[in-house]
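Quick notes on the structure that follows.
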Amino acid sequence: MNHPRSALLISPPIYDTQYWAHWSLPYGLLRVASWLRTKGYALKLIDCMEANKKRVVQKKMWKVRKLCSTKEYTPADVGRTWSTFRPAEDEKIEYCFGLPPDELRKRLKEIQAKVRSAKQSLFETTTFPEPDEIWISSIMTYWWESTRDVIAVCREVFPKAVIRVGGIYPTLAPEHAIEKLGLKNPLHLQGRELDPLDPEQQRRDIIVSATIPDANPLALNLDLYLEDGAGEPEPDGCLPEYTILTTSRGCPFKCAYCAANVLNEGRKVWVREFDSAYEEIKHWFSRGIREFCFYEDNLLLGKSNFTDLIQKIADDPDLDGIELHAPEGIEVRLLHPKVVELMRKAGFKKLYLPLETVNVNMQNRWGRTHTNMDKFFYGFENAVEAGYKKHCQDINCFILFGLPDEDLQAVYDTLVFASSRVGSVIPMLFTPVPSTPMFEMYREYIEEKGFDFQHLNGKLLPFLDYNRRKYPTLSPKDYFALEGLMWRINAKVRSESFNFGGSGRVSRAFRAVFDTFQPA
């Protein structure tokens with residue numbers, strides 16, 4: 001029996017100290033799957049990050065990392081076990097979230113066994129064939145190690161398959177990927193240069209940078225969660241409870257810490273026709289999905305297209321009960337009264353606003369020239385006027401900290417402002433992103449420390465030693481107390497406004513932390 005060209009699609013596990021799996025769907029890989037289907041491919045998906053009904057992925061203790069260091073070990077290295085291990089103040093436990101490499105190997109060998117059995121059969125079979133290609137998504141640069149480990153397992157089980165790696169990491173650091181991932185003399189192609197039917201490309205491993213233009217407007221191929229790879233039902237298959245939408249790509253601004261311009265090959269903004277997105281929503285809603293998450297570089301830049309889309313959603317009685325989300329944040333200056341009113345009517349239950357810092361000098365240093373406190377107030381007050389409530393989790397604002405050259409006083413000031421005016425705060429520890437101006441600004445320090453990308457994960461406080469040059473007594477406790485306080489404030493605002501002068505435990509904890517801070 002002649003089979004079409006076949007591709008195994010894998011979303012790797014991740015290695016990190018913590019992970020929130022609420023929106024973990026591999027949307028880029030699933031969009032590429034739709035594109036490959038148009039080329040006649042047989043496809044099978046292994047989503048190592050597939051979450052359970054509670055939106056949680058399995059995790060396994062992996063190793064111990066020392067903060068702001070390249071040191072790592074497992075308890076066995078020091079004659080101990082995980083059951084008795086407790087990390088030191090300057091250490092964190094790193095977990096493997098999702099399907100670990102050893103379990104992935106078992107899954108791949110099950111596929112291999114079915115392929116061999118089918119080859120020995122005297123009858124035609126619809127079993128998924130041995131893959132010609134293995135497509136692997138790779139997201140954050142500091143998660144690159146799990147991509148390497150997945151490639152090694154795939155090479156072991158399916159040595160004849162060629163590998164394609166795409167996503168944020170190979171786009172921002174293709175040279176690193178070529179050197180570190182264990183690929184065989186790979187081609188490096190931009191997404192627009194990729195041709196799955198080209199014989200030369202079919203024979204080579206490929207690093208794919210940026211997006212594939214023909215895949216951008218396509219819907220996610222969620223049916224892969226229901227299929228065994230040969231079009232047959234998967235025994236335990238079920239659709240995810242949500243899906244992810246991308247209605248635009250790109251951003252005209254160039255913030256010092258952001259890589260959107262590199263990921264999208266410049267500042268040009270691509271906007272997807274709203275009718276296409278609307279039909280995608282209608283399709284998945286009719287099949288039981290109620291939650292739709294927008295993943296965009298700057299959601300409101302294509303304002304007329306976006307408002308046309310959500311107007312259709314709001315006016316459609318068949319979409320009653322839909323929930324819309326934009327967890328990556330919304331640019332406050334574009335949150336006009338009519339826009340935010342329409343968003344609430346269409347089904348946006350919560351808003352996420354990028355406050356980041358109240359320090360004007362830091363905003364200017366980051367290149368955030370298109371936003372300031374007046375613009376934040378503009379968007380925030382329009383949201384309140386539209387019916388989103390303060391001091392609960394209707395409105396959430398991001399606070400960025402853990403940066404080089406930062407003054408913790410500015411972080412405290414931002415926290416005080418955000419909690420008193422907005423309520424819910426989301427702490428974001430800073431990670432320097434390769435290819436950005438801020439990464440280049442501190443490259444000398446990064447190289448001096450001997451850091452690879454995995455050491456730059458913001459949760460590992462990579463700039464702790466850098467900031468100690470100015471604040472010698474700075475310790476991990478300062479950051480962890482601040483981050484913990486933000487989460488405790490959030491727990492408080494779920495039910496009522498937070499009172500800094502109150503007698504509750506959270507109020508007392510805040511005052512204790514704030515009182516111990518001594519600016520230089």
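Every chain in the structure tokens takes a letter, A first, then B, and so on in the order presented; its residues are numbered from 1, and the ligands are numbered from 1 following the presented order.
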Extract, using only C-alpha atoms, all DNA, RNA and protein residues at most 10 Å from Asp149 of chain A, discarding same-chain residues fewer than 6 positions from it, and format them as a PyMOL selection string. chain A and resi 12-13+100-102+155+181-182
Just the residues within 10 Å of Glu145 of chain A, please, counting only C-alpha atoms, with nothing from its chain fewer than 5 positions along; format it as number ranges by chain. A: 12-15, 138, 150-151, 180-181, 453-454
Can you list, as a PyMOL selection string, every residue of segment 261-421 of chain A that DSSP puts in strand (DSSP E or B)? chain A and resi 270-271+291-294+323-325+348+351-356+392-401
File dump, residues just selected, C-alpha atoms, as a PDB file, in the first residue's frame:
ATOM      1  CA  TRP A 270      -0.074  41.121   9.348  1.00  0.00           C
ATOM      2  CA  VAL A 271      -3.824  40.987   9.983  1.00  0.00           C
ATOM      3  CA  GLU A 291     -13.031  29.199  25.604  1.00  0.00           C
ATOM      4  CA  PHE A 292     -11.035  31.053  22.963  1.00  0.00           C
ATOM      5  CA  CYS A 293      -7.683  32.630  23.721  1.00  0.00           C
ATOM      6  CA  PHE A 294      -6.124  35.363  21.550  1.00  0.00           C
ATOM      7  CA  GLU A 323     -15.486  33.105  26.842  1.00  0.00           C
ATOM      8  CA  LEU A 324     -12.733  35.180  25.256  1.00  0.00           C
ATOM      9  CA  HIS A 325      -9.271  35.737  26.737  1.00  0.00           C
ATOM     10  CA  PHE A 348     -13.995  38.957  27.555  1.00  0.00           C
ATOM     11  CA  LEU A 351      -8.509  42.095  31.093  1.00  0.00           C
ATOM     12  CA  TYR A 352      -4.719  41.954  31.356  1.00  0.00           C
ATOM     13  CA  LEU A 353      -2.968  45.326  31.231  1.00  0.00           C
ATOM     14  CA  PRO A 354       0.819  45.863  30.980  1.00  0.00           C
ATOM     15  CA  LEU A 355       1.645  48.298  33.776  1.00  0.00           C
ATOM     16  CA  GLU A 356       5.209  46.904  34.189  1.00  0.00           C
ATOM     17  CA  CYS A 392     -11.050  41.783  42.088  1.00  0.00           C
ATOM     18  CA  GLN A 393      -9.598  39.807  39.217  1.00  0.00           C
ATOM     19  CA  ASP A 394     -11.616  41.436  36.446  1.00  0.00           C
ATOM     20  CA  ILE A 395      -8.618  43.661  35.717  1.00  0.00           C
ATOM     21  CA  ASN A 396      -5.080  42.325  36.125  1.00  0.00           C
ATOM     22  CA  CYS A 397      -1.837  44.192  35.578  1.00  0.00           C
ATOM     23  CA  PHE A 398       1.646  42.842  34.872  1.00  0.00           C
ATOM     24  CA  ILE A 399       4.591  43.996  36.993  1.00  0.00           C
ATOM     25  CA  LEU A 400       8.055  43.339  35.616  1.00  0.00           C
ATOM     26  CA  PHE A 401      11.008  42.886  37.964  1.00  0.00           C
TER      27      PHE A 401
END
Surrounding residues of Gly347 of chain A excluding itself and chain neighbours under 6 positions, 12 Å, only C-alpha atoms, as a ChimeraX atom specification: /A:290-293,310-316,319-326,340-341,388
Dump of N, CA and C atoms for the selected residues, as a PDB file, in the first residue's frame:
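Contents of the output file result-v6.pdb:
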ATOM      1  N   ARG A 290     -15.726  26.207  24.348  1.00  0.00           N
ATOM      2  CA  ARG A 290     -16.333  27.467  24.806  1.00  0.00           C
ATOM      3  C   ARG A 290     -15.309  28.564  25.095  1.00  0.00           C
ATOM      4  N   GLU A 291     -14.051  28.204  25.264  1.00  0.00           N
ATOM      5  CA  GLU A 291     -13.031  29.199  25.604  1.00  0.00           C
ATOM      6  C   GLU A 291     -12.089  29.412  24.418  1.00  0.00           C
ATOM      7  N   PHE A 292     -11.876  30.678  24.093  1.00  0.00           N
ATOM      8  CA  PHE A 292     -11.035  31.053  22.963  1.00  0.00           C
ATOM      9  C   PHE A 292     -10.022  32.093  23.434  1.00  0.00           C
ATOM     10  N   CYS A 293      -8.760  31.792  23.205  1.00  0.00           N
ATOM     11  CA  CYS A 293      -7.683  32.630  23.721  1.00  0.00           C
ATOM     12  C   CYS A 293      -6.941  33.295  22.557  1.00  0.00           C
ATOM     13  N   ILE A 310     -15.263  40.818  16.944  1.00  0.00           N
ATOM     14  CA  ILE A 310     -15.973  40.659  18.209  1.00  0.00           C
ATOM     15  C   ILE A 310     -17.396  41.220  18.146  1.00  0.00           C
ATOM     16  N   GLN A 311     -17.643  42.125  17.202  1.00  0.00           N
ATOM     17  CA  GLN A 311     -19.026  42.576  16.992  1.00  0.00           C
ATOM     18  C   GLN A 311     -19.875  41.412  16.474  1.00  0.00           C
ATOM     19  N   LYS A 312     -19.325  40.642  15.534  1.00  0.00           N
ATOM     20  CA  LYS A 312     -20.052  39.485  15.013  1.00  0.00           C
ATOM     21  C   LYS A 312     -20.290  38.455  16.116  1.00  0.00           C
ATOM     22  N   ILE A 313     -19.286  38.274  16.969  1.00  0.00           N
ATOM     23  CA  ILE A 313     -19.441  37.335  18.080  1.00  0.00           C
ATOM     24  C   ILE A 313     -20.533  37.813  19.025  1.00  0.00           C
ATOM     25  N   ALA A 314     -20.501  39.109  19.358  1.00  0.00           N
ATOM     26  CA  ALA A 314     -21.488  39.659  20.288  1.00  0.00           C
ATOM     27  C   ALA A 314     -22.905  39.585  19.737  1.00  0.00           C
ATOM     28  N   ASP A 315     -23.034  39.687  18.423  1.00  0.00           N
ATOM     29  CA  ASP A 315     -24.365  39.709  17.804  1.00  0.00           C
ATOM     30  C   ASP A 315     -24.900  38.315  17.475  1.00  0.00           C
ATOM     31  N   ASP A 316     -24.088  37.299  17.663  1.00  0.00           N
ATOM     32  CA  ASP A 316     -24.471  35.946  17.248  1.00  0.00           C
ATOM     33  C   ASP A 316     -25.089  35.198  18.437  1.00  0.00           C
ATOM     34  N   LEU A 319     -23.630  31.858  19.731  1.00  0.00           N
ATOM     35  CA  LEU A 319     -22.373  31.829  20.480  1.00  0.00           C
ATOM     36  C   LEU A 319     -22.574  32.225  21.939  1.00  0.00           C
ATOM     37  N   ASP A 320     -23.792  32.096  22.412  1.00  0.00           N
ATOM     38  CA  ASP A 320     -24.074  32.415  23.808  1.00  0.00           C
ATOM     39  C   ASP A 320     -23.268  31.489  24.727  1.00  0.00           C
ATOM     40  N   GLY A 321     -22.589  32.081  25.707  1.00  0.00           N
ATOM     41  CA  GLY A 321     -21.770  31.290  26.622  1.00  0.00           C
ATOM     42  C   GLY A 321     -20.300  31.254  26.263  1.00  0.00           C
ATOM     43  N   ILE A 322     -19.901  31.938  25.198  1.00  0.00           N
ATOM     44  CA  ILE A 322     -18.504  31.953  24.800  1.00  0.00           C
ATOM     45  C   ILE A 322     -17.674  32.768  25.804  1.00  0.00           C
ATOM     46  N   GLU A 323     -16.428  32.356  26.011  1.00  0.00           N
ATOM     47  CA  GLU A 323     -15.486  33.105  26.842  1.00  0.00           C
ATOM     48  C   GLU A 323     -14.264  33.442  26.010  1.00  0.00           C
ATOM     49  N   LEU A 324     -13.886  34.713  26.008  1.00  0.00           N
ATOM     50  CA  LEU A 324     -12.733  35.180  25.256  1.00  0.00           C
ATOM     51  C   LEU A 324     -11.652  35.641  26.228  1.00  0.00           C
ATOM     52  N   HIS A 325     -10.389  35.395  25.863  1.00  0.00           N
ATOM     53  CA  HIS A 325      -9.271  35.737  26.737  1.00  0.00           C
ATOM     54  C   HIS A 325      -8.131  36.325  25.908  1.00  0.00           C
ATOM     55  N   ALA A 326      -7.387  37.230  26.509  1.00  0.00           N
ATOM     56  CA  ALA A 326      -6.183  37.792  25.891  1.00  0.00           C
ATOM     57  C   ALA A 326      -5.106  37.897  26.969  1.00  0.00           C
ATOM     58  N   VAL A 340     -13.581  48.639  24.528  1.00  0.00           N
ATOM     59  CA  VAL A 340     -13.662  47.846  25.756  1.00  0.00           C
ATOM     60  C   VAL A 340     -15.104  47.462  26.072  1.00  0.00           C
ATOM     61  N   GLU A 341     -16.057  48.336  25.754  1.00  0.00           N
ATOM     62  CA  GLU A 341     -17.474  47.986  25.939  1.00  0.00           C
ATOM     63  C   GLU A 341     -17.843  46.783  25.071  1.00  0.00           C
ATOM     64  N   TYR A 388     -15.986  46.464  34.119  1.00  0.00           N
ATOM     65  CA  TYR A 388     -14.984  45.613  34.766  1.00  0.00           C
ATOM     66  C   TYR A 388     -14.704  46.180  36.153  1.00  0.00           C
TER      67      TYR A 388
END
Tell me which protein, DNA and RNA residues are within 7 Å of segment 88-90 of chain A, counting only C-alpha atoms, leaving out same-chain ones fewer than 4 positions away, and put them as a list in words.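 My list of contacting residues is Lys66, Leu67 and Pro476 of chain A.
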Going by DSSP on the backbone, which residues of segment 232-346 of chain A come out as alpha helix (DSSP H)? List them as a PyMOL selection string. chain A and resi 260-263+274-286+303-315+337-346
Those same residues - C-alpha atoms - I'd like them written as a PDB file, in the first residue's frame.
ATOM      1  CA  ALA A 260       8.460  40.594  18.204  1.00  0.00           C
ATOM      2  CA  ASN A 261      10.263  42.351  15.342  1.00  0.00           C
ATOM      3  CA  VAL A 262      12.668  39.429  14.890  1.00  0.00           C
ATOM      4  CA  LEU A 263       9.950  36.799  15.169  1.00  0.00           C
ATOM      5  CA  PHE A 274     -11.970  38.543  10.510  1.00  0.00           C
ATOM      6  CA  ASP A 275     -14.443  36.352   8.582  1.00  0.00           C
ATOM      7  CA  SER A 276     -11.896  33.523   8.626  1.00  0.00           C
ATOM      8  CA  ALA A 277     -11.388  33.822  12.377  1.00  0.00           C
ATOM      9  CA  TYR A 278     -15.149  34.051  12.928  1.00  0.00           C
ATOM     10  CA  GLU A 279     -15.787  30.848  10.973  1.00  0.00           C
ATOM     11  CA  GLU A 280     -13.065  29.107  12.990  1.00  0.00           C
ATOM     12  CA  ILE A 281     -14.771  30.177  16.221  1.00  0.00           C
ATOM     13  CA  LYS A 282     -18.174  29.028  14.962  1.00  0.00           C
ATOM     14  CA  HIS A 283     -16.751  25.652  13.942  1.00  0.00           C
ATOM     15  CA  TRP A 284     -15.120  24.854  17.273  1.00  0.00           C
ATOM     16  CA  PHE A 285     -17.990  26.288  19.309  1.00  0.00           C
ATOM     17  CA  SER A 286     -20.372  23.931  17.488  1.00  0.00           C
ATOM     18  CA  LYS A 303      -8.469  47.536  15.581  1.00  0.00           C
ATOM     19  CA  SER A 304     -11.127  47.662  12.856  1.00  0.00           C
ATOM     20  CA  ASN A 305     -10.572  44.009  11.970  1.00  0.00           C
ATOM     21  CA  PHE A 306     -10.651  42.995  15.643  1.00  0.00           C
ATOM     22  CA  THR A 307     -13.776  45.033  16.430  1.00  0.00           C
ATOM     23  CA  ASP A 308     -15.546  43.628  13.368  1.00  0.00           C
ATOM     24  CA  LEU A 309     -14.773  40.140  14.663  1.00  0.00           C
ATOM     25  CA  ILE A 310     -15.973  40.659  18.209  1.00  0.00           C
ATOM     26  CA  GLN A 311     -19.026  42.576  16.992  1.00  0.00           C
ATOM     27  CA  LYS A 312     -20.052  39.485  15.013  1.00  0.00           C
ATOM     28  CA  ILE A 313     -19.441  37.335  18.080  1.00  0.00           C
ATOM     29  CA  ALA A 314     -21.488  39.659  20.288  1.00  0.00           C
ATOM     30  CA  ASP A 315     -24.365  39.709  17.804  1.00  0.00           C
ATOM     31  CA  PRO A 337     -14.383  53.233  25.416  1.00  0.00           C
ATOM     32  CA  LYS A 338     -16.295  51.641  22.542  1.00  0.00           C
ATOM     33  CA  VAL A 339     -13.662  48.931  22.118  1.00  0.00           C
ATOM     34  CA  VAL A 340     -13.662  47.846  25.756  1.00  0.00           C
ATOM     35  CA  GLU A 341     -17.474  47.986  25.939  1.00  0.00           C
ATOM     36  CA  LEU A 342     -17.657  45.708  22.910  1.00  0.00           C
ATOM     37  CA  MET A 343     -15.050  43.358  24.367  1.00  0.00           C
ATOM     38  CA  ARG A 344     -17.112  42.935  27.510  1.00  0.00           C
ATOM     39  CA  LYS A 345     -20.275  42.368  25.510  1.00  0.00           C
ATOM     40  CA  ALA A 346     -18.556  39.786  23.274  1.00  0.00           C
TER      41      ALA A 346
END
Quick one: residues within 9 Å of His22 of chain A, only C-alpha atoms, excluding same-chain residues fewer than 6 positions away - as a PyMOL selection string? chain A and resi 51+54-56
May I have the selected residues written with N, CA and C atoms, as a compact mmCIF listing (two decimals), in the first residue's frame?
# COMPACT_ATOMS: atom_id res chain seq x y z
N ALA A 51 -2.54 18.87 28.90
CA ALA A 51 -2.98 19.04 30.29
C ALA A 51 -4.20 18.18 30.57
N LYS A 54 -8.08 19.65 34.69
CA LYS A 54 -7.85 20.79 35.59
C LYS A 54 -6.80 21.74 35.03
N ARG A 55 -6.41 21.55 33.77
CA ARG A 55 -5.38 22.35 33.11
C ARG A 55 -4.04 22.24 33.81
N VAL A 56 -3.72 21.06 34.26
CA VAL A 56 -2.46 20.78 34.93
C VAL A 56 -1.71 19.71 34.15
I'd like to know which of A:Arg148, A:Arg107, A:Lys63, A:Arg31 is closest to Ile46 of chain A, using only C-alpha atoms. A:Arg107
Please, what distance in Å, to one decimal, runs between atom CA of Arg116 of chain A and atom CA of Pro131 of chain A?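 If I compute the distance from atom CA of Arg116 of chain A to atom CA of Pro131 of chain A, I get 12.4 Å.
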Please indicate the distance in Å from atom CA of Ala481 of chain A to atom CA of Tyr19 of chain A, rounded to one decimal place.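 Here the two named atoms are 19.0 Å from each other.
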Quick one: everything within 8 Å of Ile136 of chain A, counting only C-alpha atoms, minus sequence neighbours fewer than 5 positions away in the same chain. Send it as a ChimeraX atom specification. /A:9-12,29,147,163-166
Between atom CA of Asp236 of chain A and atom CA of Lys59 of chain A, distance in Å (one decimal):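 Atom-to-atom, atom CA of Asp236 of chain A to atom CA of Lys59 of chain A, that is 20.6 Å.
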Go through segment 329-352 of chain A and flag each residue having an atom no more than 6 Å from segment 375-380 of chain A; for those, report the closest pair of atoms plus their distance in Å to one decimal, using only C-alpha atoms, ordered by chain and rising number, as CSV.
residue,atom,partner,partner_atom,distance
A:Val332,CA,A:Gly379,CA,4.6
A:Arg333,CA,A:Lys375,CA,5.1
A:Leu335,CA,A:Gly379,CA,5.0
What are the closest atom pairs, with distances in Å to one decimal, for all residues of segment 52-170 of chain A lying within 9 Å of segment 442-452 of chain A? Consider only C-alpha atoms, order rows by chain and residue number, and present the result as a tab-separated table.
residue	atom	partner	partner_atom	distance
A:Cys68	CA	A:Lys449	CA	8.5
A:Ser69	CA	A:Lys449	CA	7.3
A:Thr70	CA	A:Phe451	CA	6.3
A:Tyr142	CA	A:Asp452	CA	8.3
Saved selection, atoms kept: C-alpha atoms, as a PDB file, in the first residue's frame:
ATOM      1  CA  CYS A  68      22.501  33.263  39.145  1.00  0.00           C
ATOM      2  CA  SER A  69      24.946  30.459  38.396  1.00  0.00           C
ATOM      3  CA  THR A  70      25.769  27.668  35.985  1.00  0.00           C
ATOM      4  CA  TYR A 142      15.623  28.898  28.074  1.00  0.00           C
TER       5      TYR A 142
END
